[in-house]
Structure formats: C-alpha cells, structure tokens
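Here's the structure we're looking at; comments come further down.
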Amino acid sequence: MIDFKILNKEGLEKFINSDEYFRLKTLPITKHRAISHIKNPRADKDDILLILVYTENDIVGYLGVLPDRLFLSNEKSYKCGWLSCFWVDSSVRGKGIGEQLIRKALMLWDNKILSTEFVPLTKKIYNKTGAFGSPLIKSGIRLYIRMNLQTILPPKKRIFQKIKAFLKVIDAFLNSLLDLRFLFCKNKLPPVKLEYVNHLDNETGKFISRFQDRALFKRGINELNWIIDYPWILSKPTKDFDSQRYYFSSVDKSFDFYCLKVRNNLDELVAFLILTKRNRILKLPYCYMEKGALTHVIKIIDIHILNWRIDTFSTFHPELVKYLSTKKTISIYKKKIERQYLISNVLNNIIKENKYNIQDGDADCAFT
C-alpha cells in the first residue's frame with residue numbers, strides 16, 4: 001500500500017520546518033532548494049512543487065516540479081512544469097512507483113509537463129506513460145581544456161573508483177605540463193568594457209528583451225535574479241548533514257554565478273552573459289548578444305578559461321557551437337554533445353513547431 005503526499009508552496013514550507021523532515025533518513029529536498037522553489041516568481045500559490053510516495057511511514061520515492069511559463073508570443077503564454085529530482089528507493093524499484101509518480105505529476109499539471117537532463121532509464125519510464133512524443137534535441141559542444149580523469153572516469157567503471165587517488169596524481173602531473181601552453185596565450189581583452197554585476201537592472205532587462213522574440217521561456221529580470229539569489233548548490237568545503245541525506249548534488253567546493261555586461265567604446269551594451277563556475281567546470285546558461293559581438297564573447301570566455309584554469313567548457317548556444325566547432329580553440333579535445341527535451345503531447349500540440357529558442361539555463365539547468 002502506497003500513499004502520496006502532494007505539496008504546494010505553503011505545504012512545502014511547513015514540511016521543511018517539521019519534525020518529520022528533521023527525522024528523515026533520506027531527504028526529498030534540501031531546505032535551500034525548497035526555499036528556491038517557494039521563491040520562484042513563476043510559482044503560483046496552488047502549484048504542486050513536490051510529490052512524495054510513502055510506504056507506511058517511509059518515503060520511498062519523490063518527484064519535484066519546477067513551475068515555468070511557455071510563451072508563443074508576448075500576448076499568449078501557458079503555465080507548465082519541469083520535472084526535477086526524480087528518485088525511487090532501490091528497495092521498491094520495479095514495482096511501478098516511478099511511473100505512478102510521473103502520471104500523478106501529469107494529472108496535477110494538466111499534462112503540461114517537460115523534462116530534460118534525464119538518464120536513459122528515466123526516459124523509458126516517461127515513455128511508458130504515453131504522454132510524451134519524440135524528444136527535441138539541441139546540439140552542443142564541450143571543450144576539454146585540462147585533464148580531469150578523476151571526475152570523468154570513476155562513474156564509468158568501478159575500477160576507476162578504486163584508483164581515484166592515482167588518477168588525481170596523473171591529472172596534477174599532466175596539467176602541470178598542459179598549463180605551460182597558457183603562457184603563450186594572449187590574455188588580453190577585446191576592444192570592449194567588462195562590468196561584473198550581482199543582479200540584473202532595468203538597463204539589462206531592456207537589452208535582453210530585444211532578443212526574446214523567439215524565446216520559448218522568456219526569462220526576464222525577475223526570473224534571472226531569482227536563479228542567482230536562490231541557488232540549488234551551495235559552496236561549502238565539505239558535505240553537511242542535510243547534503244549527506246540527499247541523493248542529488250546540493251553542495252560543492254565552489255559554485256558561483258558571474259553576470260557580465262559587455263559594452264563597446266561608445267558605452268553601449270552589446271552583450272550580457274551569465275556564467276556558472278562549478279569548481280573547474282564552466283557553463284554559459286544565458287547569453288544575449290548583438291550581431292557582431294560573437295568574437296568578443298568568445299574572447300571573453302577564453303580569458304575566463306585561462307584565468308580560472310578551467311577543465312571543461314560546454315555550450316548549446318547555436319552561434320557559439322558553430323564557431324567553436326570550426327575554429328581553432330585552446331582545448332585539447334572537442335566533443336559534440338546533445339541535450340534532449342521531452343515535451344508532453346499536450347504542449348507539443350500547442351507549440352506545433354520547433355523554431356523557438358531555448359537558452360542553456362532554461363528548465364533547471366542553470367542551477368547545476
């Protein structure tokens with residue numbers, strides 16, 4: 001016998017402050033992530049944010065939903081939710097609980113559901129519901145700039161987990177040699193002015209609004225400031241009590257947002273970037289730029305890669321992907337990557353075409 005508990009904003013806030021939450025062996029959500037969900041400017045009072053599955057008094061599965069809004073024009077938009085943090089306890093796997101969770105989310109969200117960054121097993125469960133069509137696929141590129149065998153190899157085979165300390169030594173030795181090439185790289189800014197800001201202001205809002213005509217999710221000042229102010233991963237030297245009870249990432253040695261205004265010599269805004277740096281992994285969740293600013297943006301990214309000694313940089317931005325795929329870079333290896341977006345049939349029928357733009361940070365991708 002299983003029981004569902006369904007939490008909206010008020011219910012989630014009460015839950016994370018309850019005695020039950022404190023006693024749980026496995027957390028379905030961390031407090032800081034729950035607060036982020038509650039503060040989401042696109043979350044309404046009655047939106048369901050978290051679904052829990054109990055057997056007796058134990059949580060054996062959970063599924064989060066991140067409220068969002070899908071825009072077909074400035075006048076027409078639809079409420080929707082991204083599936084996030086999907087987990088089923090190993091003791092009850094194979095009993096259909098995962099499928100029941102997804103069906104419950106579909107029902108509660110009127111079948112207006114999306115998902116991305118899922119593993120193959122999860123996709124199989126999605127497909128069982130019959131609620132999703134073929135995935136929308138975005139092409140990207142990943143640049144490998146330095147060695148990071150200690151992170152890349154252990155998830156692939158158990159033997160690499162056992163020799164992780166040895167891989168760390170190999171990384172350090174090879175990177176000491178690879179870093180020598182940085183001495184010959186030009187670390188000079190292009191003819192633009194860089195301004196680092198903590199939040200988006202009205203000037204930035206007006207600038208990015210010019211690039212939203214074909215944006216499917218049109219995140220503006222409120223949404224982007226919310227992402228920056230309420231991260232899901234906190235910078236901490238080691239795991240704390242809550243993170244040890246949570247299946248997904250909630251802390252890391254470093255996780256930071258960097259917002260950059262890029263101005264030309266007339267002091268006009270020509271690009272706005274949001275970078276995320278997680279240890280030595282660099283991503284570009286949001287990028288808005290004028291025509292002609294592409295090479296400047298590439299150079300700015302290169303400078304940050306050099307200064308931070310970045311191991312990998314990934315992007316799905318079409319213009320950046322095309323440039324980095326064909327031009328010489330400071331990477332030692334380039335890899336084509338893909339990101340799949342599963343969109344429910346109901347939403348697919350609303351969209352009808354795939355000519356809309358999706359930024360790298362849309363869904364919950366900016367938080368990781």
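Ligands are numbered from 1 in the order shown, residues from 1 within each chain, and chains are lettered A, B, ... in the order they appear in the structure tokens.
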
### Message
Env of A:Ile281: 12 Å cut, atoms = only C-alpha atoms, seq-sep filter 5 positions within chain, self excluded. Answer as a ChimeraX atom specification.
### Response
/A:142-148,151-152,252-256,275-276,304-305,308-315,368

Hey, can you spit out that residue selection with C-alpha atoms as a short mmCIF file (atom, residue, chain, number, x, y, z; two decimals), in the first residue's frame?
data_model
loop_
_atom_site.label_atom_id
_atom_site.label_comp_id
_atom_site.auth_asym_id
_atom_site.auth_seq_id
_atom_site.Cartn_x
_atom_site.Cartn_y
_atom_site.Cartn_z
CA ARG A 142 32.19 20.57 -24.93
CA LEU A 143 35.77 21.80 -24.86
CA TYR A 144 38.26 19.81 -22.80
CA ILE A 145 40.99 22.25 -21.81
CA ARG A 146 42.74 20.39 -18.97
CA MET A 147 42.83 16.80 -17.70
CA ASN A 148 40.16 15.73 -15.22
CA THR A 151 35.99 13.10 -12.29
CA ILE A 152 35.33 11.67 -15.77
CA ASP A 252 30.23 21.56 -3.77
CA LYS A 253 33.62 23.12 -3.11
CA SER A 254 32.64 26.05 -5.30
CA PHE A 255 29.57 27.06 -7.30
CA ASP A 256 29.23 30.67 -8.43
CA LEU A 275 28.43 32.26 -16.46
CA THR A 276 28.39 29.46 -13.91
CA HIS A 304 37.93 33.34 -18.04
CA ILE A 305 39.01 29.83 -19.04
CA TRP A 308 40.37 30.18 -13.79
CA ARG A 309 42.28 27.23 -15.27
CA ILE A 310 39.00 25.68 -16.41
CA ASP A 311 38.91 21.95 -17.19
CA THR A 312 35.81 21.91 -19.43
CA PHE A 313 33.52 24.45 -21.06
CA SER A 314 30.13 23.45 -22.51
CA THR A 315 27.55 25.39 -24.51
CA THR A 368 23.52 22.75 -11.75
#

### Task
Please provide the set of residues having any atom within 8 Å of A:Thr30, restricted to only C-alpha atoms, with same-chain residues fewer than 5 positions apart removed, written as a PyMOL selection string.
chain A and resi 242-243+246+250

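Closest to A:Val346 among A:Asp47, A:Glu99, A:Asp229, A:Asp110 is A:Asp110, based on only C-alpha atoms.
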
### Task
Just list the residues in stretch 47-189 of chain A DSSP gives alpha helix (DSSP H) on the backbone, as an MDAnalysis selection string.
chainID A and resid 97:108 120:129 149:152 158:162 164:178

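The spacing separating atom CA of A:Leu342 from atom CA of A:Ser134 amounts to 7.1 Å.
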
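By chain and then residue number, the residues within 8 Å of A:Phe211 are Phe207, Ala215 and Tyr288 of chain A, counting only C-alpha atoms and disregarding those fewer than 4 positions away in sequence.
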
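Close contacts of A:Pro190, defined as residues with an atom at most 12 Å away when counting only C-alpha atoms, with chain neighbours fewer than 6 positions off set aside, comprise Val262, Arg263, Asn264, Asn265, Ala293, Leu294, Thr295, His296, Val297, Ile298, Lys299, Ile300, Ile301, Asp302 and Ile303 of chain A.
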
Mind dumping the selected residues with C-alpha atoms as a JSON list (two decimals), in the first residue's frame?
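Everything below was put into out-v3.json:
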[["chain", "number", "residue", "atom", "x", "y", "z"],
["A", 262, "VAL", "CA", 29.77, 43.94, -22.24],
["A", 263, "ARG", "CA", 29.96, 47.49, -23.62],
["A", 264, "ASN", "CA", 31.51, 48.91, -26.79],
["A", 265, "ASN", "CA", 33.70, 52.03, -26.94],
["A", 293, "ALA", "CA", 29.66, 40.70, -30.78],
["A", 294, "LEU", "CA", 30.29, 36.97, -31.24],
["A", 295, "THR", "CA", 34.08, 37.12, -31.47],
["A", 296, "HIS", "CA", 34.21, 39.44, -28.44],
["A", 297, "VAL", "CA", 32.11, 36.99, -26.42],
["A", 298, "ILE", "CA", 34.34, 34.09, -27.47],
["A", 299, "LYS", "CA", 37.44, 36.03, -26.37],
["A", 300, "ILE", "CA", 35.84, 36.92, -23.03],
["A", 301, "ILE", "CA", 35.07, 33.24, -22.41],
["A", 302, "ASP", "CA", 38.65, 32.33, -23.35],
["A", 303, "ILE", "CA", 40.02, 34.82, -20.83]]

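Using only C-alpha atoms, the smallest distance between any of A:Ser115, A:Gln340, A:Thr238, A:Asn357 and A:Phe71 comes from A:Asn357.
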
Which residues are close to A:Val92, i.e. within 12 Å by only C-alpha atoms, leaving aside same-chain residues fewer than 2 positions away? Reply as a PDB file with N, CA and C atoms, in the first residue's frame.
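Result saved to part.pdb:
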ATOM      1  N   MET A   1       0.851  -1.199   0.000  1.00  0.00           N
ATOM      2  CA  MET A   1       0.000   0.000   0.000  1.00  0.00           C
ATOM      3  C   MET A   1       0.881   1.241   0.000  1.00  0.00           C
ATOM      4  N   ILE A   2       0.689   2.119  -0.990  1.00  0.00           N
ATOM      5  CA  ILE A   2       1.463   3.353  -1.043  1.00  0.00           C
ATOM      6  C   ILE A   2       0.526   4.548  -0.888  1.00  0.00           C
ATOM      7  N   VAL A  53       6.083   9.806  -2.130  1.00  0.00           N
ATOM      8  CA  VAL A  53       5.444   8.497  -2.058  1.00  0.00           C
ATOM      9  C   VAL A  53       5.895   7.812  -0.775  1.00  0.00           C
ATOM     10  N   TYR A  54       4.935   7.348   0.005  1.00  0.00           N
ATOM     11  CA  TYR A  54       5.217   6.671   1.276  1.00  0.00           C
ATOM     12  C   TYR A  54       4.772   5.209   1.214  1.00  0.00           C
ATOM     13  N   THR A  55       5.533   4.344   1.854  1.00  0.00           N
ATOM     14  CA  THR A  55       5.039   3.025   2.244  1.00  0.00           C
ATOM     15  C   THR A  55       5.125   3.011   3.764  1.00  0.00           C
ATOM     16  N   ASP A  58       7.646   5.547   5.659  1.00  0.00           N
ATOM     17  CA  ASP A  58       8.906   5.805   4.978  1.00  0.00           C
ATOM     18  C   ASP A  58       8.678   6.390   3.595  1.00  0.00           C
ATOM     19  N   ILE A  59       9.497   7.397   3.236  1.00  0.00           N
ATOM     20  CA  ILE A  59       9.465   7.948   1.882  1.00  0.00           C
ATOM     21  C   ILE A  59      10.267   7.020   0.973  1.00  0.00           C
ATOM     22  N   VAL A  60       9.612   6.496  -0.071  1.00  0.00           N
ATOM     23  CA  VAL A  60      10.292   5.571  -0.987  1.00  0.00           C
ATOM     24  C   VAL A  60      10.400   6.144  -2.401  1.00  0.00           C
ATOM     25  N   GLY A  61       9.922   7.346  -2.585  1.00  0.00           N
ATOM     26  CA  GLY A  61      10.041   7.985  -3.884  1.00  0.00           C
ATOM     27  C   GLY A  61       9.595   9.426  -3.824  1.00  0.00           C
ATOM     28  N   TRP A  87      13.314  10.411  -7.957  1.00  0.00           N
ATOM     29  CA  TRP A  87      14.031   9.349  -7.224  1.00  0.00           C
ATOM     30  C   TRP A  87      13.059   8.315  -6.697  1.00  0.00           C
ATOM     31  N   VAL A  88      13.469   7.031  -6.814  1.00  0.00           N
ATOM     32  CA  VAL A  88      12.729   5.919  -6.234  1.00  0.00           C
ATOM     33  C   VAL A  88      13.719   5.039  -5.483  1.00  0.00           C
ATOM     34  N   ASP A  89      13.381   4.670  -4.264  1.00  0.00           N
ATOM     35  CA  ASP A  89      14.265   3.841  -3.447  1.00  0.00           C
ATOM     36  C   ASP A  89      14.500   2.478  -4.110  1.00  0.00           C
ATOM     37  N   SER A  90      15.739   1.991  -4.005  1.00  0.00           N
ATOM     38  CA  SER A  90      16.100   0.731  -4.661  1.00  0.00           C
ATOM     39  C   SER A  90      15.274  -0.445  -4.153  1.00  0.00           C
ATOM     40  N   GLY A  94      11.016  -1.394  -9.727  1.00  0.00           N
ATOM     41  CA  GLY A  94      10.391  -2.475 -10.463  1.00  0.00           C
ATOM     42  C   GLY A  94       8.935  -2.693 -10.098  1.00  0.00           C
ATOM     43  N   LYS A  95       8.412  -1.875  -9.175  1.00  0.00           N
ATOM     44  CA  LYS A  95       7.025  -2.021  -8.742  1.00  0.00           C
ATOM     45  C   LYS A  95       6.106  -0.942  -9.328  1.00  0.00           C
ATOM     46  N   GLY A  96       6.653  -0.170 -10.269  1.00  0.00           N
ATOM     47  CA  GLY A  96       5.822   0.813 -10.956  1.00  0.00           C
ATOM     48  C   GLY A  96       5.637   2.128 -10.228  1.00  0.00           C
ATOM     49  N   ILE A  97       6.385   2.342  -9.151  1.00  0.00           N
ATOM     50  CA  ILE A  97       6.213   3.577  -8.379  1.00  0.00           C
ATOM     51  C   ILE A  97       6.677   4.795  -9.182  1.00  0.00           C
ATOM     52  N   GLY A  98       7.768   4.644  -9.930  1.00  0.00           N
ATOM     53  CA  GLY A  98       8.256   5.749 -10.749  1.00  0.00           C
ATOM     54  C   GLY A  98       7.225   6.197 -11.771  1.00  0.00           C
TER      55      GLY A  98
END

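One distance worth recording is that between atom CA of A:Ile16 and atom CA of A:Ala105, which is 20.6 Å.
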
### Task
Please provide as a ChimeraX atom specification all residues within 12 Å of A:Phe217, with the sequence filter that same-chain residues fewer than 6 positions apart are discarded (counting only C-alpha atoms).
/A:42,67-74,76-82,209,211,223-224,351,356-363

### Message
Neighbouring residues of A:Ile38 were defined as those with any atom within 8 Å, considering only C-alpha atoms; residues of the same chain fewer than 3 positions away were excluded. Please report them as a ChimeraX atom specification.
### Response
/A:9,12-13,34-35,43

Write the residues of the selection above to a file with C-alpha atoms, as a compact mmCIF listing (two decimals), in the first residue's frame.
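That gives us selection03.txt:
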# COMPACT_ATOMS: atom_id res chain seq x y z
CA LYS A 9 4.24 26.35 -1.70
CA LEU A 12 6.46 22.61 1.23
CA GLU A 13 7.39 25.38 3.66
CA ALA A 34 12.88 24.16 -1.20
CA ILE A 35 13.14 27.89 -0.45
CA ALA A 43 5.25 29.57 -8.98

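Between A:Leu136 and the residues A:Ile343, A:Ile48, A:Leu284, A:Leu273, the shortest atom-to-atom distance, using only C-alpha atoms, involves A:Ile343.
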